[in-house]
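S.K.: File model.txt below, compact mmCIF, C-alpha atoms and all ligand atoms:
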```txt
# COMPACT_ATOMS: atom_id res chain seq x y z
CA MET A 1 121.71 99.95 85.97
CA PRO A 2 118.04 99.77 86.99
CA MET A 3 115.25 98.59 84.75
CA ILE A 4 112.78 101.39 84.01
CA ALA A 5 109.02 100.88 83.76
CA PRO A 6 107.21 104.07 82.70
CA SER A 7 103.66 104.13 84.07
CA ILE A 8 101.10 104.95 81.40
CA LEU A 9 98.72 106.20 84.11
CA SER A 10 100.35 109.58 83.44
CA ALA A 11 100.26 109.22 79.65
CA ASP A 12 97.90 111.21 77.41
CA PHE A 13 95.00 108.76 76.99
CA GLY A 14 93.84 110.68 73.94
CA ASN A 15 97.19 109.92 72.32
CA LEU A 16 98.00 106.63 73.96
CA ALA A 17 99.45 104.94 70.86
CA ARG A 18 101.83 107.89 70.38
CA ASP A 19 102.99 107.66 74.02
CA ILE A 20 103.50 103.88 73.81
CA GLU A 21 105.51 104.34 70.63
CA MET A 22 107.70 106.81 72.53
CA ILE A 23 108.27 104.07 75.16
CA ASN A 24 109.00 101.53 72.39
CA ARG A 25 111.76 103.76 71.02
CA SER A 26 113.14 104.65 74.45
CA GLU A 27 115.49 102.77 76.79
CA ALA A 28 112.53 101.65 78.94
CA ASP A 29 112.44 97.97 79.85
CA TRP A 30 108.77 97.41 80.70
CA ILE A 31 105.48 99.29 80.32
CA HIS A 32 103.79 99.67 83.70
CA CYS A 33 99.98 99.39 83.51
CA ASP A 34 97.98 100.35 86.61
CA ILE A 35 94.60 98.67 86.96
CA MET A 36 92.35 100.30 89.62
CA ASP A 37 88.83 99.24 90.53
CA GLY A 38 87.55 102.09 92.71
CA ARG A 39 87.19 99.61 95.57
CA PHE A 40 90.65 98.47 96.63
CA VAL A 41 91.84 102.00 95.85
CA PRO A 42 89.75 105.19 95.64
CA ASN A 43 90.39 105.67 91.92
CA ILE A 44 89.33 103.88 88.71
CA SER A 45 91.87 103.75 85.89
CA PHE A 46 91.30 101.45 82.89
CA GLY A 47 90.51 97.85 82.13
CA PHE A 48 90.72 95.14 79.48
CA PRO A 49 89.77 97.05 76.30
CA VAL A 50 92.50 99.61 76.93
CA LEU A 51 95.01 96.92 77.88
CA HIS A 52 94.34 95.05 74.63
CA ALA A 53 94.87 98.31 72.71
CA VAL A 54 98.15 98.92 74.56
CA LYS A 55 99.33 95.39 73.80
CA LYS A 56 98.75 95.87 70.07
CA VAL A 57 101.18 98.79 69.95
CA ALA A 58 103.64 97.80 72.69
CA LYS A 59 107.01 96.31 71.81
CA LYS A 60 108.06 95.91 75.47
CA PRO A 61 106.66 93.58 78.15
CA LEU A 62 103.53 94.74 79.95
CA ASP A 63 104.11 95.02 83.71
CA VAL A 64 100.56 94.92 85.07
CA HIS A 65 99.94 96.21 88.61
CA LEU A 66 96.54 95.17 89.93
CA MET A 67 94.96 97.47 92.50
CA ILE A 68 91.73 95.52 92.60
CA LEU A 69 89.81 93.33 95.01
CA GLU A 70 89.59 89.62 94.16
CA PRO A 71 92.42 89.68 91.61
CA GLU A 72 92.26 85.87 91.36
CA LYS A 73 89.04 86.18 89.35
CA TYR A 74 90.77 87.87 86.42
CA ILE A 75 94.09 86.01 86.02
CA ASP A 76 93.09 84.27 82.82
CA GLU A 77 91.82 87.48 81.29
CA PHE A 78 95.04 89.33 82.07
CA ALA A 79 97.03 86.51 80.48
CA LYS A 80 94.89 86.84 77.35
CA ALA A 81 95.37 90.61 77.39
CA GLY A 82 99.13 90.04 77.12
CA ALA A 83 100.46 90.76 80.62
CA ALA A 84 104.05 89.55 81.04
CA VAL A 85 104.26 90.40 84.74
CA LEU A 86 101.13 90.31 86.89
CA SER A 87 101.44 91.77 90.39
CA VAL A 88 98.79 91.54 93.10
CA HIS A 89 98.58 93.31 96.44
CA LEU A 90 99.21 91.28 99.58
CA GLU A 91 96.41 93.32 101.16
CA ALA A 92 93.91 92.21 98.48
CA SER A 93 94.83 88.53 98.40
CA PRO A 94 93.90 86.29 101.32
CA HIS A 95 95.05 83.22 99.34
CA LEU A 96 98.23 84.71 97.98
CA HIS A 97 100.09 81.45 97.34
CA ARG A 98 97.21 80.07 95.28
CA THR A 99 96.88 83.31 93.32
CA LEU A 100 100.61 83.60 92.55
CA THR A 101 100.79 79.93 91.54
CA ALA A 102 97.87 80.44 89.16
CA ILE A 103 99.59 83.48 87.64
CA ARG A 104 102.72 81.42 86.90
CA GLN A 105 100.64 78.55 85.53
CA LYS A 106 99.15 80.98 83.03
CA GLY A 107 102.66 81.79 81.78
CA MET A 108 103.10 85.17 83.48
CA SER A 109 105.69 86.29 86.03
CA PRO A 110 104.05 86.68 89.44
CA GLY A 111 104.65 89.73 91.59
CA VAL A 112 103.53 90.65 95.08
CA VAL A 113 102.88 94.27 96.07
CA LEU A 114 103.19 95.79 99.53
CA ASN A 115 101.44 99.00 100.57
CA PRO A 116 103.62 101.58 102.37
CA HIS A 117 102.48 100.45 105.84
CA ALA A 118 103.10 96.73 105.23
CA SER A 119 106.27 95.24 106.66
CA VAL A 120 108.53 93.22 104.38
CA SER A 121 108.48 90.39 106.94
CA LEU A 122 104.91 89.64 105.82
CA ILE A 123 106.23 88.09 102.62
CA GLU A 124 108.91 85.86 104.14
CA ASN A 125 106.91 82.74 103.26
CA ILE A 126 106.16 83.78 99.70
CA VAL A 127 109.23 85.69 98.50
CA ALA A 128 110.80 82.55 97.00
CA ASP A 129 107.71 82.06 94.81
CA VAL A 130 107.64 85.46 93.11
CA ASP A 131 109.68 87.10 90.35
CA VAL A 132 108.94 90.63 91.56
CA VAL A 133 108.40 92.34 94.91
CA LEU A 134 106.77 95.68 94.22
CA LEU A 135 107.16 98.10 97.11
CA MET A 136 104.69 100.99 97.01
CA SER A 137 106.44 104.25 97.84
CA VAL A 138 103.12 106.16 97.81
CA ASN A 139 99.62 105.09 98.80
CA PRO A 140 98.25 103.47 95.64
CA GLY A 141 95.56 105.19 93.62
CA TYR A 142 97.06 108.22 91.95
CA GLY A 143 100.09 109.35 90.02
CA GLY A 144 102.17 112.35 90.96
CA GLN A 145 102.21 111.83 94.74
CA LYS A 146 105.06 112.53 97.14
CA PHE A 147 107.59 109.76 97.74
CA ILE A 148 107.48 108.18 101.24
CA GLU A 149 111.01 108.17 102.69
CA ASN A 150 110.46 105.04 104.81
CA THR A 151 110.77 103.10 101.53
CA TYR A 152 114.58 103.05 101.69
CA GLY A 153 114.58 100.92 104.85
CA LYS A 154 112.02 98.58 103.30
CA ILE A 155 114.20 98.11 100.23
CA ARG A 156 117.13 97.10 102.43
CA ASP A 157 114.90 94.72 104.46
CA CYS A 158 113.57 93.25 101.24
CA LYS A 159 117.05 92.73 99.79
CA ASN A 160 118.12 90.92 102.97
CA LEU A 161 115.00 88.75 102.91
CA ILE A 162 115.52 87.85 99.24
CA LEU A 163 119.11 86.80 99.96
CA ALA A 164 118.12 84.87 103.10
CA LYS A 165 115.43 82.93 101.23
CA ASN A 166 117.50 82.32 98.07
CA SER A 167 114.83 84.14 96.09
CA THR A 168 115.49 85.46 92.59
CA ALA A 169 112.85 88.19 92.97
CA LYS A 170 113.60 91.68 91.70
CA ILE A 171 112.67 94.70 93.81
CA GLU A 172 110.44 97.23 92.03
CA ILE A 173 109.64 100.68 93.43
CA ASP A 174 106.42 102.48 92.52
CA GLY A 175 105.38 106.02 93.39
CA GLY A 176 107.12 109.37 93.49
CA VAL A 177 110.28 108.14 91.76
CA ASP A 178 112.20 111.04 90.25
CA LEU A 179 115.66 112.04 89.06
CA HIS A 180 116.63 113.08 92.59
CA ASN A 181 115.79 109.89 94.47
CA ALA A 182 116.49 107.29 91.75
CA ALA A 183 120.21 106.87 92.52
CA ALA A 184 119.55 106.38 96.24
CA LEU A 185 116.83 103.85 95.48
CA VAL A 186 119.20 101.83 93.31
CA GLU A 187 121.90 102.16 95.95
CA ALA A 188 119.49 100.74 98.56
CA GLY A 189 118.80 97.72 96.33
CA ALA A 190 116.02 98.61 93.88
CA ASP A 191 116.20 96.73 90.56
CA ILE A 192 113.21 98.28 88.75
CA LEU A 193 111.93 101.86 88.94
CA VAL A 194 108.38 102.77 87.94
CA ALA A 195 107.95 106.39 86.89
CA GLY A 196 104.77 108.08 85.72
CA ASN A 197 104.71 111.77 86.41
CA THR A 198 108.50 112.16 86.18
CA VAL A 199 108.50 110.74 82.65
CA PHE A 200 105.29 112.13 81.19
CA SER A 201 105.40 115.63 82.65
CA SER A 202 108.94 116.16 81.40
CA GLN A 203 109.85 118.09 78.25
CA ASN A 204 111.52 115.07 76.71
CA PRO A 205 110.07 111.81 78.12
CA ALA A 206 112.45 109.50 76.23
CA GLU A 207 115.44 111.44 77.52
CA THR A 208 114.04 111.33 81.07
CA ILE A 209 113.81 107.54 80.77
CA SER A 210 117.50 107.46 79.73
CA LEU A 211 118.43 109.71 82.65
CA LEU A 212 116.59 107.46 85.10
CA LYS A 213 118.32 104.43 83.65
CA SER A 214 121.80 105.91 83.92
CA VAL A 215 121.21 107.59 87.26
CA LYS A 216 123.60 105.40 89.21
CA LYS A 217 126.46 106.31 86.89
CA ASN A 218 125.53 110.01 86.76
CA PRO A 219 123.55 110.84 89.92
CA VAL A 220 121.56 114.04 89.76
CA VAL A 221 122.51 116.35 92.60
CA ALA A 222 119.47 118.02 94.15
C1 LIG L 301 100.01 104.57 91.90
C2 LIG L 301 100.47 103.72 90.74
C3 LIG L 301 101.72 104.16 90.12
C4 LIG L 301 101.70 105.53 89.53
C5 LIG L 301 103.03 106.13 89.79
O1 LIG L 301 98.95 103.97 92.51
O2 LIG L 301 100.64 102.38 91.13
O3 LIG L 301 102.23 103.23 89.17
O4 LIG L 301 101.42 105.57 88.15
O5 LIG L 301 103.00 107.43 89.41
P1 LIG L 301 104.14 108.48 89.80
O6 LIG L 301 105.42 107.95 89.23
O7 LIG L 301 103.65 109.72 89.13
O8 LIG L 301 104.17 108.59 91.30
ZN ZN L 302 101.72 101.00 89.73
```
Just give me the structure as structure tokens.

M.R.:
Amino acid sequence: MPMIAPSILSADFGNLARDIEMINRSEADWIHCDIMDGRFVPNISFGFPVLHAVKKVAKKPLDVHLMILEPEKYIDEFAKAGAAVLSVHLEASPHLHRTLTAIRQKGMSPGVVLNPHASVSLIENIVADVDVVLLMSVNPGYGGQKFIENTYGKIRDCKNLILAKNSTAKIEIDGGVDLHNAAALVEAGADILVAGNTVFSSQNPAETISLLKSVKKNPVVA
């Protein structure tokens, strides 16, 4: 059964506490928080004041995905804001080992993120040092984009690399996850599914979270 991390990027920001309380009551495992700076990615999302507000209401761990340049500058502040998992992009981190070590030293679980074009082999020297490998299945920046099919092969490569390096990292998939591809993603080796649009644009978000979680047992036929 996969872990599910609803992305609040697709939540109603005018009713954020209500949407977080829905996640609290649901079968979701983590709350995925997307931080965008308008420089590493073309969009700007939200920052520390919002994250602090989320933390106050949240009863599940905050899974914070940084889409920002120079993420190393803000590690301490994200720890104070209550991040449980802090993931940084390989493409934004020239000193990745130092950054991930600092994240762990601050008591958070470090994650590394790969953009869709980046080969899994790029993390062979760091995969043993992370708790999460987040594979982007869309180009980061926006919710509601189309899933990139090449992701399946990357999940399999990543699983093999994790086994070869005796890593305990979990594989997280982010972008375009829905009720039709979730079972195949889990089958390929995904441990954690992020879902924004699929959850928040559905009639019953809590039920959609349950469906995503049980998708391997009851695959949805397209
Ligand atoms: C995209 C973000 C995602 C986004 C996913 O840059 O990293 O977390 O919220 O949204 P959906 O599930 O709608 O593709
Ligand atoms: Zn994300």

S.K.: I'd like the neighbourhood of Asn43 of chain A as a PDB file with C-alpha atoms, keeping the file's coordinate frame, where a residue qualifies if any of its atoms comes within 9 Å (using only C-alpha atoms), though same-chain residues fewer than 5 positions away should be ignored.

M.R.:
```pdb
ATOM      1  CA  MET A  36      92.350 100.300  89.620  1.00  0.00           C
ATOM      2  CA  ASP A  37      88.830  99.240  90.530  1.00  0.00           C
ATOM      3  CA  GLY A  38      87.550 102.090  92.710  1.00  0.00           C
ATOM      4  CA  PRO A 140      98.250 103.470  95.640  1.00  0.00           C
ATOM      5  CA  GLY A 141      95.560 105.190  93.620  1.00  0.00           C
ATOM      6  CA  TYR A 142      97.060 108.220  91.950  1.00  0.00           C
TER       7      TYR A 142
END
```

S.K.: Let me have all residues with an atom within 7 Å of ligand ZN 302 (chain L), counting all atoms listed in the file, laid out as an MDAnalysis selection string.

M.R.: chainID A and resid 7 32:34 65 174

S.K.: Go ahead and compute the interatomic distance for atom CA of Asp76 of chain A and atom CA of Phe48 of chain A, in Å to one decimal.

M.R.: 11.6 Å

S.K.: Dump as JSON lines the rows for residues of chain A within 10 Å of ligand LIG 301 (chain L): closest atom pair and distance in Å with one decimal, all atoms listed in the file counted, ordered by chain and rising residue number.

M.R.:
```
{"residue": "A:Ala5", "atom": "CA", "partner": "L:LIG301", "partner_atom": "O3", "distance": 9.0}
{"residue": "A:Pro6", "atom": "CA", "partner": "L:LIG301", "partner_atom": "O6", "distance": 7.8}
{"residue": "A:Ser7", "atom": "CA", "partner": "L:LIG301", "partner_atom": "O4", "distance": 4.9}
{"residue": "A:Ile8", "atom": "CA", "partner": "L:LIG301", "partner_atom": "O4", "distance": 6.8}
{"residue": "A:Leu9", "atom": "CA", "partner": "L:LIG301", "partner_atom": "O4", "distance": 4.9}
{"residue": "A:Ser10", "atom": "CA", "partner": "L:LIG301", "partner_atom": "O4", "distance": 6.3}
{"residue": "A:Ala11", "atom": "CA", "partner": "L:LIG301", "partner_atom": "O4", "distance": 9.3}
{"residue": "A:His32", "atom": "CA", "partner": "L:LIG301", "partner_atom": "O3", "distance": 6.7}
{"residue": "A:Cys33", "atom": "CA", "partner": "L:LIG301", "partner_atom": "O3", "distance": 7.2}
{"residue": "A:Asp34", "atom": "CA", "partner": "L:LIG301", "partner_atom": "O2", "distance": 5.6}
{"residue": "A:Ile35", "atom": "CA", "partner": "L:LIG301", "partner_atom": "O2", "distance": 8.2}
{"residue": "A:Met36", "atom": "CA", "partner": "L:LIG301", "partner_atom": "O1", "distance": 8.1}
{"residue": "A:Val41", "atom": "CA", "partner": "L:LIG301", "partner_atom": "O1", "distance": 8.1}
{"residue": "A:Pro42", "atom": "CA", "partner": "L:LIG301", "partner_atom": "O1", "distance": 9.8}
{"residue": "A:Asn43", "atom": "CA", "partner": "L:LIG301", "partner_atom": "O1", "distance": 8.7}
{"residue": "A:Ser45", "atom": "CA", "partner": "L:LIG301", "partner_atom": "O1", "distance": 9.7}
{"residue": "A:Val64", "atom": "CA", "partner": "L:LIG301", "partner_atom": "O3", "distance": 9.4}
{"residue": "A:His65", "atom": "CA", "partner": "L:LIG301", "partner_atom": "O2", "distance": 6.7}
{"residue": "A:Leu66", "atom": "CA", "partner": "L:LIG301", "partner_atom": "O2", "distance": 8.4}
{"residue": "A:Met67", "atom": "CA", "partner": "L:LIG301", "partner_atom": "O1", "distance": 7.6}
{"residue": "A:Val113", "atom": "CA", "partner": "L:LIG301", "partner_atom": "O2", "distance": 9.8}
{"residue": "A:Asn115", "atom": "CA", "partner": "L:LIG301", "partner_atom": "O1", "distance": 9.8}
{"residue": "A:Leu134", "atom": "CA", "partner": "L:LIG301", "partner_atom": "O2", "distance": 9.6}
{"residue": "A:Leu135", "atom": "CA", "partner": "L:LIG301", "partner_atom": "O2", "distance": 9.8}
{"residue": "A:Met136", "atom": "CA", "partner": "L:LIG301", "partner_atom": "O2", "distance": 7.3}
{"residue": "A:Ser137", "atom": "CA", "partner": "L:LIG301", "partner_atom": "O8", "distance": 8.2}
{"residue": "A:Val138", "atom": "CA", "partner": "L:LIG301", "partner_atom": "C1", "distance": 6.9}
{"residue": "A:Asn139", "atom": "CA", "partner": "L:LIG301", "partner_atom": "O1", "distance": 6.4}
{"residue": "A:Pro140", "atom": "CA", "partner": "L:LIG301", "partner_atom": "O1", "distance": 3.2}
{"residue": "A:Gly141", "atom": "CA", "partner": "L:LIG301", "partner_atom": "O1", "distance": 3.8}
{"residue": "A:Tyr142", "atom": "CA", "partner": "L:LIG301", "partner_atom": "O1", "distance": 4.7}
{"residue": "A:Gly143", "atom": "CA", "partner": "L:LIG301", "partner_atom": "O5", "distance": 3.5}
{"residue": "A:Gly144", "atom": "CA", "partner": "L:LIG301", "partner_atom": "O7", "distance": 3.5}
{"residue": "A:Gln145", "atom": "CA", "partner": "L:LIG301", "partner_atom": "O8", "distance": 5.1}
{"residue": "A:Lys146", "atom": "CA", "partner": "L:LIG301", "partner_atom": "O8", "distance": 7.1}
{"residue": "A:Phe147", "atom": "CA", "partner": "L:LIG301", "partner_atom": "O8", "distance": 7.4}
{"residue": "A:Ile173", "atom": "CA", "partner": "L:LIG301", "partner_atom": "O3", "distance": 8.9}
{"residue": "A:Asp174", "atom": "CA", "partner": "L:LIG301", "partner_atom": "O3", "distance": 5.4}
{"residue": "A:Gly175", "atom": "CA", "partner": "L:LIG301", "partner_atom": "O8", "distance": 3.5}
{"residue": "A:Gly176", "atom": "CA", "partner": "L:LIG301", "partner_atom": "O8", "distance": 3.8}
{"residue": "A:Val177", "atom": "CA", "partner": "L:LIG301", "partner_atom": "O6", "distance": 5.5}
{"residue": "A:Asp178", "atom": "CA", "partner": "L:LIG301", "partner_atom": "O6", "distance": 7.5}
{"residue": "A:Leu193", "atom": "CA", "partner": "L:LIG301", "partner_atom": "O6", "distance": 8.9}
{"residue": "A:Val194", "atom": "CA", "partner": "L:LIG301", "partner_atom": "O6", "distance": 6.1}
{"residue": "A:Ala195", "atom": "CA", "partner": "L:LIG301", "partner_atom": "O6", "distance": 3.8}
{"residue": "A:Gly196", "atom": "CA", "partner": "L:LIG301", "partner_atom": "O6", "distance": 3.6}
{"residue": "A:Asn197", "atom": "CA", "partner": "L:LIG301", "partner_atom": "O7", "distance": 3.6}
{"residue": "A:Thr198", "atom": "CA", "partner": "L:LIG301", "partner_atom": "O6", "distance": 6.0}
{"residue": "A:Val199", "atom": "CA", "partner": "L:LIG301", "partner_atom": "O6", "distance": 7.8}
{"residue": "A:Phe200", "atom": "CA", "partner": "L:LIG301", "partner_atom": "O7", "distance": 8.5}
{"residue": "A:Ser201", "atom": "CA", "partner": "L:LIG301", "partner_atom": "O7", "distance": 8.9}
```

S.K.: Output the selection as a compact mmCIF listing (two decimals), in the coordinates of the input - C-alpha atoms for each residue.

M.R.:
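Output file selection-v3.txt is given in full below:
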```txt
# COMPACT_ATOMS: atom_id res chain seq x y z
CA ALA A 5 109.02 100.88 83.76
CA PRO A 6 107.21 104.07 82.70
CA SER A 7 103.66 104.13 84.07
CA ILE A 8 101.10 104.95 81.40
CA LEU A 9 98.72 106.20 84.11
CA SER A 10 100.35 109.58 83.44
CA ALA A 11 100.26 109.22 79.65
CA HIS A 32 103.79 99.67 83.70
CA CYS A 33 99.98 99.39 83.51
CA ASP A 34 97.98 100.35 86.61
CA ILE A 35 94.60 98.67 86.96
CA MET A 36 92.35 100.30 89.62
CA VAL A 41 91.84 102.00 95.85
CA PRO A 42 89.75 105.19 95.64
CA ASN A 43 90.39 105.67 91.92
CA SER A 45 91.87 103.75 85.89
CA VAL A 64 100.56 94.92 85.07
CA HIS A 65 99.94 96.21 88.61
CA LEU A 66 96.54 95.17 89.93
CA MET A 67 94.96 97.47 92.50
CA VAL A 113 102.88 94.27 96.07
CA ASN A 115 101.44 99.00 100.57
CA LEU A 134 106.77 95.68 94.22
CA LEU A 135 107.16 98.10 97.11
CA MET A 136 104.69 100.99 97.01
CA SER A 137 106.44 104.25 97.84
CA VAL A 138 103.12 106.16 97.81
CA ASN A 139 99.62 105.09 98.80
CA PRO A 140 98.25 103.47 95.64
CA GLY A 141 95.56 105.19 93.62
CA TYR A 142 97.06 108.22 91.95
CA GLY A 143 100.09 109.35 90.02
CA GLY A 144 102.17 112.35 90.96
CA GLN A 145 102.21 111.83 94.74
CA LYS A 146 105.06 112.53 97.14
CA PHE A 147 107.59 109.76 97.74
CA ILE A 173 109.64 100.68 93.43
CA ASP A 174 106.42 102.48 92.52
CA GLY A 175 105.38 106.02 93.39
CA GLY A 176 107.12 109.37 93.49
CA VAL A 177 110.28 108.14 91.76
CA ASP A 178 112.20 111.04 90.25
CA LEU A 193 111.93 101.86 88.94
CA VAL A 194 108.38 102.77 87.94
CA ALA A 195 107.95 106.39 86.89
CA GLY A 196 104.77 108.08 85.72
CA ASN A 197 104.71 111.77 86.41
CA THR A 198 108.50 112.16 86.18
CA VAL A 199 108.50 110.74 82.65
CA PHE A 200 105.29 112.13 81.19
CA SER A 201 105.40 115.63 82.65
```

S.K.: Check the smallest atom-to-atom distance from each of A:Ala188, A:Ala84, A:Ala164, A:Ala183 to Ile31 of chain A using all atoms listed in the file, then report the winner.

M.R.: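 Distance minimum relative to Ile31 of chain A lands on A:Ala84.
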
S.K.: Could you give me, as a count of residues only, the residues that sit within 12 Å of (102.6, 105.0, 67.7) in the file's coordinates, counting all atoms listed in the file?

M.R.: 18

S.K.: Every residue with an atom at most 12 Å from (115.1, 111.8, 81.8) (file coordinates; all atoms listed in the file) is what I'm after, so could you write them as a PDB file with C-alpha atoms, in the frame of the given file?

M.R.:
```pdb
ATOM      1  CA  ILE A   4     112.780 101.390  84.010  1.00  0.00           C
ATOM      2  CA  PRO A   6     107.210 104.070  82.700  1.00  0.00           C
ATOM      3  CA  SER A  26     113.140 104.650  74.450  1.00  0.00           C
ATOM      4  CA  GLU A  27     115.490 102.770  76.790  1.00  0.00           C
ATOM      5  CA  ALA A  28     112.530 101.650  78.940  1.00  0.00           C
ATOM      6  CA  VAL A 177     110.280 108.140  91.760  1.00  0.00           C
ATOM      7  CA  ASP A 178     112.200 111.040  90.250  1.00  0.00           C
ATOM      8  CA  LEU A 179     115.660 112.040  89.060  1.00  0.00           C
ATOM      9  CA  HIS A 180     116.630 113.080  92.590  1.00  0.00           C
ATOM     10  CA  ALA A 182     116.490 107.290  91.750  1.00  0.00           C
ATOM     11  CA  ALA A 195     107.950 106.390  86.890  1.00  0.00           C
ATOM     12  CA  GLY A 196     104.770 108.080  85.720  1.00  0.00           C
ATOM     13  CA  ASN A 197     104.710 111.770  86.410  1.00  0.00           C
ATOM     14  CA  THR A 198     108.500 112.160  86.180  1.00  0.00           C
ATOM     15  CA  VAL A 199     108.500 110.740  82.650  1.00  0.00           C
ATOM     16  CA  PHE A 200     105.290 112.130  81.190  1.00  0.00           C
ATOM     17  CA  SER A 201     105.400 115.630  82.650  1.00  0.00           C
ATOM     18  CA  SER A 202     108.940 116.160  81.400  1.00  0.00           C
ATOM     19  CA  GLN A 203     109.850 118.090  78.250  1.00  0.00           C
ATOM     20  CA  ASN A 204     111.520 115.070  76.710  1.00  0.00           C
ATOM     21  CA  PRO A 205     110.070 111.810  78.120  1.00  0.00           C
ATOM     22  CA  ALA A 206     112.450 109.500  76.230  1.00  0.00           C
ATOM     23  CA  GLU A 207     115.440 111.440  77.520  1.00  0.00           C
ATOM     24  CA  THR A 208     114.040 111.330  81.070  1.00  0.00           C
ATOM     25  CA  ILE A 209     113.810 107.540  80.770  1.00  0.00           C
ATOM     26  CA  SER A 210     117.500 107.460  79.730  1.00  0.00           C
ATOM     27  CA  LEU A 211     118.430 109.710  82.650  1.00  0.00           C
ATOM     28  CA  LEU A 212     116.590 107.460  85.100  1.00  0.00           C
ATOM     29  CA  LYS A 213     118.320 104.430  83.650  1.00  0.00           C
ATOM     30  CA  SER A 214     121.800 105.910  83.920  1.00  0.00           C
ATOM     31  CA  VAL A 215     121.210 107.590  87.260  1.00  0.00           C
ATOM     32  CA  ASN A 218     125.530 110.010  86.760  1.00  0.00           C
ATOM     33  CA  PRO A 219     123.550 110.840  89.920  1.00  0.00           C
ATOM     34  CA  VAL A 220     121.560 114.040  89.760  1.00  0.00           C
TER      35      VAL A 220
END
```

S.K.: Using only C-alpha atoms, which of the listed residues (A:Cys158, A:Leu51, A:Leu96, A:Leu62) sits closest to Glu77 of chain A?

M.R.: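 Once distances to Glu77 of chain A are computed over only C-alpha atoms, the minimum belongs to A:Leu51.
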
S.K.: Can you tell me how far atom CA of Leu114 of chain A sits from atom CA of Met1 of chain A, in Å to one decimal?

M.R.: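 Distance reported for this atom pair: 23.3 Å.
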